[in-house]
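In what follows, a single structure is set out as structure tokens and then discussed.
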Amino acid sequence: MLSQRMTNIKWKLLFYFGLSTLLVLVGFIAAIHYLIDWLQTPELLLSVLAALLLLGLAVGFFAARKVQRGIDKLHLSMIELAQGNWSNRLAADPADSFHQLYRDFNEMAYAVENRLQLLQKSAEERVLETHSSEKAVTEERKRLARDLHDTVSQQLFAIHMSAASLPKLIELKSDAAAPIIEQLTQMSHHAQKQIRGLIAQLRPIELEGVSLQEGLDRWFPDYCRQNVLQGRLELRLPEPLSEAMEHQLFLIVQEGMANVVKHASAGSVVLSIMDAGHQVMLQIEDDGQGFSKIEVNTHSYGLTTMRERAQKLGGQLEIASKPGTGTTLKVKIPKFKET
């Protein structure tokens with residue numbers, strides 16, 4: 001079948017080639033027959049031959065351009081599919097040589113889209129099945145958060161208060177003790193800030209009974225405030241997402257924000273989630289120290305976890321960063337229409 005379709009295109013190219021050759025021969029014969037008296041010099045003869053050759057090349061060029069447009073159209077559609085737009089289809093004109101090829105492409109895209117949609121639905125069902133076990137883990141994290149708050153956090157606060165009062169107790173060697181006291185005060189304050197961030201991570205809010213947008217409206221500002229970040233939240237979700245997709249996106253956001261706090265040394269962060277029609281796009285952009293691609297540890301737990309959560313729903317994770325320019329994390333998950 002494929003050889004037959006390529007044969008049709010081959011015969012069409014041969015037709016244009018034969019037409020251009022025929023035009024050159026007919027033109028040459030006509031010139032010899034009717035303009036023989038004018039073609040007495042080699043210069044005139046060469047001029048006529050050059051004009052006829054250009055005519056043949058023009059016919060061949062327009063024929064090749066038409067074929068190239070058909071190939072470019074197919075190529076662009078393949079790129080659209082590779083970028084996640086599985087709803088893209090080619091208009092197949094029966095008069096076009098690429099008609100059957102376009103039809104086969106559309107059938108292939110339709111089949112792959114259906115398979116990916118079934119895969120995504122299957123993954124969503126598995127996510128919901130494991131949701132109950134994740135709830136148990138979340139409850140344990142909440143318990144740990146309460147224990148840490150009642151013990152370690154209060155102890156660190158006591159260390160901070162004691163260190164701050166030491167200058168009043170040490171008067172004889174105040175010059176030598178002052179730098180150490182200042183360092184101790186800063187270290188204890190920093191440790192207290194870190195433990196508060198850990199408590200916030202161990203005690204995440206759940207999406208039970210609320211949408212992803214409502215959950216992030218509550219969680220994101222509070223998380224940024226606790227970690228001294230200037231945060232901006234941009235959500236454009238005109239239609240509700242599936243429960244499984246919202247759950248996975250929420251967990252990816254938590255992991256991504258934890259990475260910003262731990263590694264980026266950022267002052268501001270922008271979290272955006274938008275519905276692009278054929279896919280849902282999540283982006284976390286910070287103004288931190290960034291890193292080079294060589295420094296990226298693709299096997300780190302945080303990146304691996306986020307990548308696996310995206311892949312569960314047929315999506316992908318991308319990271320763009322350079323030293324001194326911050327980091328941008330993107331997650332793209334295909335969104336299918338019900339068929």
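Following the order of the structure tokens, first chain is A, next is B, and so on, with residues numbered from 1 inside each chain and ligands from 1 in the order they appear.
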What lies within 8 Å of region 246-261 of chain A using only C-alpha atoms, ignoring chain neighbours under 5 positions off, as a list in words? Gln201, Leu207, Ser211, Leu212, Leu216, Asn227, Leu241, Ala266, Leu282, Ile284, Asp286, Gly288, Gly302, Met306, Arg309, Ala310 and Leu329 of chain A
In Å, how far is it from CA of Ala163 (chain A) to CA of His149 (chain A)?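 Straight-line distance from CA of Ala163 (chain A) to CA of His149 (chain A) works out to 20.3 Å.
Reported to one decimal place, the separation of CA of Ser77 (chain A) from CA of Phe61 (chain A) is 24.1 Å.
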Counting only C-alpha atoms, which of A:Ser153, A:Ser188, A:Gln283, A:Gln316 gets nearest to Ala82 (chain A)?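 For Ala82 (chain A), the nearest of the given residues is A:Gln316.
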Near Ser272 (chain A), counting only C-alpha atoms, which residues have an atom at most 9 Å away, once you skip same-chain residues fewer than 2 positions from it, shown as a PyMOL selection string? chain A and resi 232-236+270+274+281-285
Could those selected residues go to a file with N, CA, C and O atoms, as a tab-separated table (two decimals), in the first residue's frame?
chain	number	residue	atom	x	y	z
A	232	ARG	N	3.95	34.65	43.45
A	232	ARG	CA	2.83	35.06	42.60
A	232	ARG	C	2.19	33.81	42.02
A	232	ARG	O	2.87	32.96	41.46
A	233	LEU	N	0.89	33.72	42.17
A	233	LEU	CA	0.14	32.54	41.71
A	233	LEU	C	-0.73	32.94	40.53
A	233	LEU	O	-1.51	33.89	40.60
A	234	GLU	N	-0.58	32.20	39.42
A	234	GLU	CA	-1.37	32.46	38.21
A	234	GLU	C	-2.05	31.15	37.79
A	234	GLU	O	-1.38	30.20	37.36
A	235	LEU	N	-3.35	31.12	37.93
A	235	LEU	CA	-4.12	29.92	37.58
A	235	LEU	C	-5.14	30.28	36.51
A	235	LEU	O	-5.94	31.21	36.69
A	236	ARG	N	-5.09	29.56	35.39
A	236	ARG	CA	-6.07	29.76	34.32
A	236	ARG	C	-6.61	28.38	33.93
A	236	ARG	O	-6.09	27.73	33.03
A	270	VAL	N	7.27	32.33	40.86
A	270	VAL	CA	6.00	32.45	40.15
A	270	VAL	C	5.51	31.04	39.84
A	270	VAL	O	6.21	30.25	39.20
A	274	MET	N	-1.99	26.46	33.64
A	274	MET	CA	-2.94	26.92	32.64
A	274	MET	C	-3.40	25.76	31.77
A	274	MET	O	-2.69	24.77	31.61
A	281	MET	N	-0.48	22.85	31.45
A	281	MET	CA	0.92	23.25	31.64
A	281	MET	C	1.10	23.82	33.03
A	281	MET	O	0.38	24.73	33.44
A	282	LEU	N	2.07	23.28	33.76
A	282	LEU	CA	2.45	23.77	35.09
A	282	LEU	C	3.86	24.32	34.99
A	282	LEU	O	4.74	23.70	34.40
A	283	GLN	N	4.08	25.51	35.58
A	283	GLN	CA	5.41	26.12	35.51
A	283	GLN	C	5.74	26.75	36.86
A	283	GLN	O	4.93	27.46	37.45
A	284	ILE	N	6.96	26.48	37.33
A	284	ILE	CA	7.49	27.10	38.55
A	284	ILE	C	8.77	27.82	38.16
A	284	ILE	O	9.74	27.19	37.73
A	285	GLU	N	8.78	29.13	38.29
A	285	GLU	CA	9.92	29.95	37.87
A	285	GLU	C	10.44	30.75	39.06
A	285	GLU	O	9.67	31.48	39.69
